[in-house]
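To start, the structure under review is shown below, and the notes come after it.
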Amino acid sequence: MSQTITEMEGLKSRLKATWMSGDFDKIAQIIEAGAVDFIERLALEPGTRVLDVACGSGNLSLPAARAGARVRGLDIAPNLLETARRRAQSEGLKIDFDEGDAEGLPYGDASFDCVVTMFGAMLAPQPSKTTSELLRVCRPDGRVAMANWTPSGFIGRMFKTTAAHVAPPPGVPSPLLWGDEEQVHERFGSRVSGLQLARRMVSFCLPMGPSQTVDYFRAWYGPTLRAFASLDQDGQRALHDDLAQLWSEHNQAEDGTTHVEAEYLEVLATRA
């Protein structure tokens, strides 16, 4: 990567604005069951110190706290943190939520027993910094658990479809590389004593057809909202058509609704 500090600050500012656009919680709710499954597979013991990086509206933080873990959540978007706080309060769960950046975590070395992130830290623009930070705040023999969209899975294809209409920032590695096993091995390298990788699926079930599903994402999913906003009317129509075709091709429902299975790579790293 060859970006100056000023360019990176500008990119970070745009990323923050993107995730504050729409309301990601309305997307997160669709895959909430998959987040619960992800946490359950970790078998967290009561009292485990857990950090949820790029926590969004709390999809991982809440089930971790329900399991008895001592949880902190961090995200770049303050509006999503407010939603996460409300959700935690409504369940009587004590979770601390902080505004911050995955590439510069505001915590001391070895502060947590387990660091988790689901479809979040993978989107930070400097993967080497993200990797170092995830490991730095995790204690030796602690775990870093990630869920990352794969390049060949449905969301990977959705990212690529959008990128064909709206070019991604130059010089920034594709976030989908976090869903490639070889890349994950290279990024963690000798800094971990164990690395388990598994491809898993999460369901997107919406009570509307594929075309209306595109409209739903356009309204609430920041990256899609911003992509459409950057195009003229013809460009918006073309992007909508391509996304609707993608959802239709992968739709398993036959009753006018939408049911798509999306693949992700589950990463479980043990810090050396």
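Order determines the names: the first chain of the structure tokens is A, the second B, and so forth; residues in each chain are numbered 1 upward, and ligands are numbered 1 upward as they are shown.
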Which of stretch 18-263 of chain A DSSP labels alpha helix (DSSP H), written as a ChimeraX atom specification:
/A:18-20,25-28,32-42,61-66,78-90,127-136,154-163,181-188,210-220,222-229,233-250
Using only C-alpha atoms, determine which residues lie at most 6 Å from stretch 148-152 of chain A, disregarding the query and same-chain residues fewer than 3 positions distant; provide the list as a PyMOL selection string.
chain A and resi 119+156+176+178-179+264-265
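Excluding A:Pro210 and any residue on its chain fewer than 4 positions from it, the residues at most 6 Å away by only C-alpha atoms are Ala244, Trp247, Ser248 and Thr258 of chain A.
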Where does DSSP see strand (DSSP E) in stretch 62-149 of chain A, if you list the residues as a PyMOL selection string?
chain A and resi 70-75+95-99+112-118+138-149
Quick one: everything within 9 Å of A:Leu80, counting only C-alpha atoms, minus sequence neighbours fewer than 3 positions away in the same chain. Send it as a ChimeraX atom specification.
/A:19-20,23-25,55-58,75-77,83-85
May I have the residues within 9 Å of A:Pro127 as a PyMOL selection string, using only C-alpha atoms and disregarding those fewer than 2 positions away in the same chain?
chain A and resi 103+121-125+129-132+173+175+178+187
Counting only C-alpha atoms, figure out which residue out of A:Ala65, A:Glu82, A:Ala238, A:Glu186 gets nearest to A:Glu45.
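For A:Glu45, the nearest of the candidates is A:Ala65.
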Rounded to one decimal, what separation in Å do you get between atom CA of A:Val192 and atom CA of A:Gly142?
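A separation of 9.7 Å between them.
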Of the listed residues A:Arg86, A:Arg72, A:His240, A:Lys94, that which approaches A:Thr213 most closely, counting only C-alpha atoms:
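Closest to A:Thr213, using only C-alpha atoms: A:His240.
Distance annotation: of A:Val202, A:Met158, A:Ala110, A:Val166, the residue with the minimal separation from A:Asp141 is A:Ala110; atom set is only C-alpha atoms.
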Nearest to A:Asn59: which of A:Gly10, A:Gln196, A:Val116, A:Ser90 is it, counting only C-alpha atoms?
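Answer, going by the shortest atom-to-atom distance: A:Val116.
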In Å to one decimal, how far is atom CA of A:Ala35 from atom CA of A:Ile95?
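One can read the atom CA of A:Ile95 to atom CA of A:Ala35 distance as 16.8 Å.
Proximity ranking of A:Asp109, A:Asp255, A:Glu133, A:Asp52 relative to A:Val71 places A:Asp52 first, based on only C-alpha atoms.
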Selection: 10 Å around A:Gln245, only C-alpha atoms, excl. self and same-chain fewer than 6 positions, as a VMD selection string
chain A and resid 210 to 211 214 239 251
Calculated over only C-alpha atoms, which of the candidates A:Val144, A:Ala163, A:Met208, A:Val172 has the smallest distance to A:Leu268?
A:Val144
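Interatomic distance, atom CA of A:Ala43 to atom CA of A:Ala64: 9.4 Å.
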Within 12 Å of A:Arg70, counting only C-alpha atoms, which residues show up once you throw out same-chain ones fewer than 4 positions away? Write them as a VMD selection string, please.
chain A and resid 44 to 52 61 to 66 93 to 97 111 to 115
With only C-alpha atoms counted and 10 Å as the cut-off, give the residues of stretch 187-221 of chain A in contact with stretch 259-262 of chain A, each with its shortest interatomic distance in Å and the pair that gives it, as a tab-separated table.
residue	atom	partner	partner_atom	distance
A:Arg200	CA	A:Ala262	CA	8.3
A:Met201	CA	A:Ala262	CA	5.4
A:Val202	CA	A:Ala262	CA	5.3
A:Ser203	CA	A:Glu261	CA	4.7
A:Phe204	CA	A:Val260	CA	5.2
A:Cys205	CA	A:His259	CA	4.4
A:Leu206	CA	A:His259	CA	6.6
A:Pro207	CA	A:His259	CA	8.8
A:Met208	CA	A:His259	CA	9.5
A:Gly209	CA	A:His259	CA	9.2
A:Pro210	CA	A:His259	CA	9.0
Expected file contents, prior selection, N, CA and C atoms, as an mmCIF file, in the first residue's frame:
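Output file result_27.cif is given in full below:
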data_model
loop_
_atom_site.group_PDB
_atom_site.id
_atom_site.type_symbol
_atom_site.label_atom_id
_atom_site.label_comp_id
_atom_site.auth_asym_id
_atom_site.auth_seq_id
_atom_site.Cartn_x
_atom_site.Cartn_y
_atom_site.Cartn_z
ATOM 1 N N ARG A 200 -18.203 -21.848 6.397
ATOM 2 C CA ARG A 200 -19.543 -21.998 6.949
ATOM 3 C C ARG A 200 -20.521 -21.121 6.176
ATOM 4 N N MET A 201 -21.809 -21.325 6.453
ATOM 5 C CA MET A 201 -22.850 -20.581 5.753
ATOM 6 C C MET A 201 -23.693 -19.793 6.747
ATOM 7 N N VAL A 202 -24.179 -18.654 6.297
ATOM 8 C CA VAL A 202 -25.142 -17.883 7.063
ATOM 9 C C VAL A 202 -26.309 -17.554 6.133
ATOM 10 N N SER A 203 -27.514 -17.536 6.687
ATOM 11 C CA SER A 203 -28.721 -17.364 5.873
ATOM 12 C C SER A 203 -29.183 -15.919 5.823
ATOM 13 N N PHE A 204 -29.551 -15.481 4.625
ATOM 14 C CA PHE A 204 -30.247 -14.212 4.437
ATOM 15 C C PHE A 204 -31.672 -14.548 4.010
ATOM 16 N N CYS A 205 -32.621 -14.367 4.909
ATOM 17 C CA CYS A 205 -34.031 -14.632 4.610
ATOM 18 C C CYS A 205 -34.807 -13.330 4.764
ATOM 19 N N LEU A 206 -35.415 -12.883 3.683
ATOM 20 C CA LEU A 206 -36.161 -11.628 3.705
ATOM 21 C C LEU A 206 -37.559 -11.849 3.143
ATOM 22 N N PRO A 207 -38.584 -11.201 3.735
ATOM 23 C CA PRO A 207 -39.970 -11.409 3.318
ATOM 24 C C PRO A 207 -40.342 -10.581 2.099
ATOM 25 N N MET A 208 -39.509 -10.641 1.075
ATOM 26 C CA MET A 208 -39.722 -9.852 -0.143
ATOM 27 C C MET A 208 -38.929 -10.512 -1.261
ATOM 28 N N GLY A 209 -39.221 -10.149 -2.487
ATOM 29 C CA GLY A 209 -38.527 -10.720 -3.618
ATOM 30 C C GLY A 209 -37.131 -10.145 -3.803
ATOM 31 N N PRO A 210 -36.346 -10.713 -4.719
ATOM 32 C CA PRO A 210 -34.964 -10.257 -4.927
ATOM 33 C C PRO A 210 -34.837 -8.776 -5.287
#
